[in-house]
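Chemist: This structure is in structure tokens; I'll ask about it shortly.
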Amino acid sequence: MDHYKTLIKNYAAPAFTAVRGQGLYLYDDAGRAYLDFSTGIAVNALGHSHPRWVAAVQAQAAELTHCSNLFAIPGQQKLADRLVAKAGPGRVLFCNSGAESNDALIKLARLHGKRVNGAEGKRFTVVAAHNAFHGRTFGGMGATPQEKIQGGFRPMLDGFKFGRLNDIKSFEELIDDTVAAVFLESIQGEGGVFPAEPQFLQELRALCTERNTLLMLDEVQCGIGRSGHFFAFEKSGIQPDAIGMAKGLGGGFPIGAIWVAEAYAELFQPGSHGTTFGGSPLASAAANAVLDVIEEEELIEKVAANSAPWHAELKGLAEKYPSQIDCVRGAGYMVGLALKPEGHNLKVTAAAREKQLLIVPAGHNVVRLLPPLTATQEQLNQSVTILEETLTTLANTP
Ligand SMILES: *Cc1c(COP(=O)(O)O)cnc(C)c1O
């Protein structure tokens, strides 16, 4: 494809050319409409071109797009207030992506370690989880113990160790006085949709408090309503010390954020961290519009209500096609189907696309279903119908 003449080849060849999005549908250059349960990898929380979001972004673009953090930005302050109202007493720092949020969290861990130890460079280890994904910067990669992410780029950033998700003993053994923070996805996304169990998070919370170690949660993919709660960790009833956000927050406009609990929020002082673009007027307007629509359309309540029957339908598919589906995992509108045999996730993704349903492969032979929070019961059911046709077709083709 000509497409590749001047683009660096860091992505696999694309399946088609996307030209337009409307609601639940993404359109290719031939005008074909696809039911989009890929949502730009859990980004388009309101679907494509939600009229409220478009109006807010257009109006802000005409008013003031960017001015940097040299100046106060009212929309950014409003957004921070709203995130604090969701997360708890604390403060927010804005950036532009998931990896940048996570890098800011790793910097927070180092500042915490320095404060606790009294000296720099003694207590800086971050304990993350095997099978995690935290992004492609050196901070994010360091916390992502996967050969396909780290290979070719070593040496990694110093100071990471890894426990096993949902195995509290494996974390207990690692948290000594060199550890500044524990860092986890509340639901592992890229790794194959593995939720952290509530009991594990509760025990980890107690352990981190006891050992004066930060508990930092990566909600970049599972946050902003996708799980049926605003943050996925809410199901466990715990309170983390810091949270990373991005993907769904801007509804398609790049923005990332960290929330930090009051006790640690002053670790960052003027000059200690920053970004040129973070929390621009335009990005803040996009994110405020996402939160407006989530509230006005009661989307989180709808995700919680609609997902139960949808998950039941998907589990029904697993029972009907045991030679192709191993199990169904996830929460709300973040669902993984673990498939078999090996490599079947790529086949199912391609075959579903032929039937005009877009889904996303993930680790452990999984396909992810990531509908926008606006998806109705009927549209969820439509995904099940298309998946069933896809599985039937694949069962009948050797
Ligand atoms: C996507 C993702 C990231 C990285 O976000 P980018 O915006 O691509 O940098 C980090 N953590 C999790 C859990 C993610 O899903």
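The way I read the labels, and the way they are meant: chains A, B, ... in the order of the structure tokens, residue 1 as the first residue of every chain, and ligand 1 as the first ligand shown, with later ones counted on from there.
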Could you name the residues that touch Ala61 of chain A at 10 Å or less, counting only C-alpha atoms, but leaving out those on the same chain fewer than 3 positions away, as a list in words?

Modeler: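 Near neighbours after the sequence-gap exclusion: Ala55, Ala56, Val57, Gln58, Leu64, Thr65, His66, Pro281, Leu282, Ala283 and Ala285 of chain A.
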
Chemist: Hey, which residues come within 7 Å of ligand 1 if we count only C-alpha atoms and all ligand atoms? Could you give them as JSON, numbers by chain?

Modeler: {"A": [97, 98, 99, 100, 102, 133, 134, 135, 136, 185, 188, 189, 190, 218, 219, 220, 221, 246, 247]}

Chemist: Tell me, counting only C-alpha atoms, for each residue of segment 174-215 of chain A within 6 Å of segment 123-128 of chain A, which pair of atoms is nearest and how far apart they are in Å to one decimal, in rows ordered by chain and increasing number, as a tab-separated table.

Modeler:
```
residue	atom	partner	partner_atom	distance
A:Thr178	CA	A:Arg123	CA	4.1
A:Val179	CA	A:Thr125	CA	4.5
A:Ala180	CA	A:Phe124	CA	5.1
A:Ala181	CA	A:Val126	CA	4.9
A:Val182	CA	A:Val127	CA	4.7
A:Phe183	CA	A:Ala128	CA	4.8
A:Leu184	CA	A:Ala128	CA	5.7
```

Chemist: Which residues are near Thr276 of chain A? Cut-off 10 Å, only C-alpha atoms, ignore same chain within fewer than 4 positions. Put them as a PyMOL selection string.

Modeler: chain A and resi 66-70+95-96+280

Chemist: Would you mind telling me which residue in A:Gly159, A:Gln199, A:Gly250, A:Ala132 lies nearest to Gln146 of chain A when using only C-alpha atoms?

Modeler: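 Among A:Gly159, A:Gln199, A:Gly250, A:Ala132, it is A:Ala132 that comes nearest to Gln146 of chain A.
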
Chemist: Env of Thr397 of chain A: 12 Å cut, atoms = only C-alpha atoms, seq-sep filter 6 positions within chain, self excluded. Answer as an MDAnalysis selection string.

Modeler: chainID A and resid 347 351 390:391

Chemist: Which one of A:Val384, A:Gly192, A:Lys355, A:Lys114 sits closest to Arg32 of chain A if you count only C-alpha atoms?

Modeler: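 Closest to Arg32 of chain A of all the choices is A:Lys355.
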
Chemist: Please measure the separation of atom CA of Ser236 of chain A and atom CA of Leu214 of chain A, giving the value in Å to one decimal.

Modeler: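 Taking atom CA of Ser236 of chain A and atom CA of Leu214 of chain A, their separation equals 17.2 Å.
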
Chemist: Pick from A:Arg91, A:Arg368, A:Arg211, A:Lys122: nearest to Thr39 of chain A, with only C-alpha atoms counted?

Modeler: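 Checking each of A:Arg91, A:Arg368, A:Arg211, A:Lys122 against Thr39 of chain A, counting only C-alpha atoms, the winner is A:Arg368.
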
Chemist: So that I can check the surroundings of Val92 of chain A, please list as number ranges by chain every protein, DNA and RNA residue that reaches within 10 Å of it, counting only C-alpha atoms and ignoring chain neighbours fewer than 6 positions away.

Modeler: A: 76-77, 79-84, 242-244, 257-261, 265

Chemist: Restricting the calculation to only C-alpha atoms, which member of A:Gly225, A:Asn288, A:Asn381, A:Ala331 is positioned closest to Ile187 of chain A?

Modeler: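 Counting only C-alpha atoms, the residue closest to Ile187 of chain A is A:Ala331.
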
Chemist: I want to know what sits within 7 Å of Arg329 of chain A, based on only C-alpha atoms, with residues of the same chain fewer than 4 positions away left out; could you give that as an MDAnalysis selection string?

Modeler: chainID A and resid 193:194 335:337
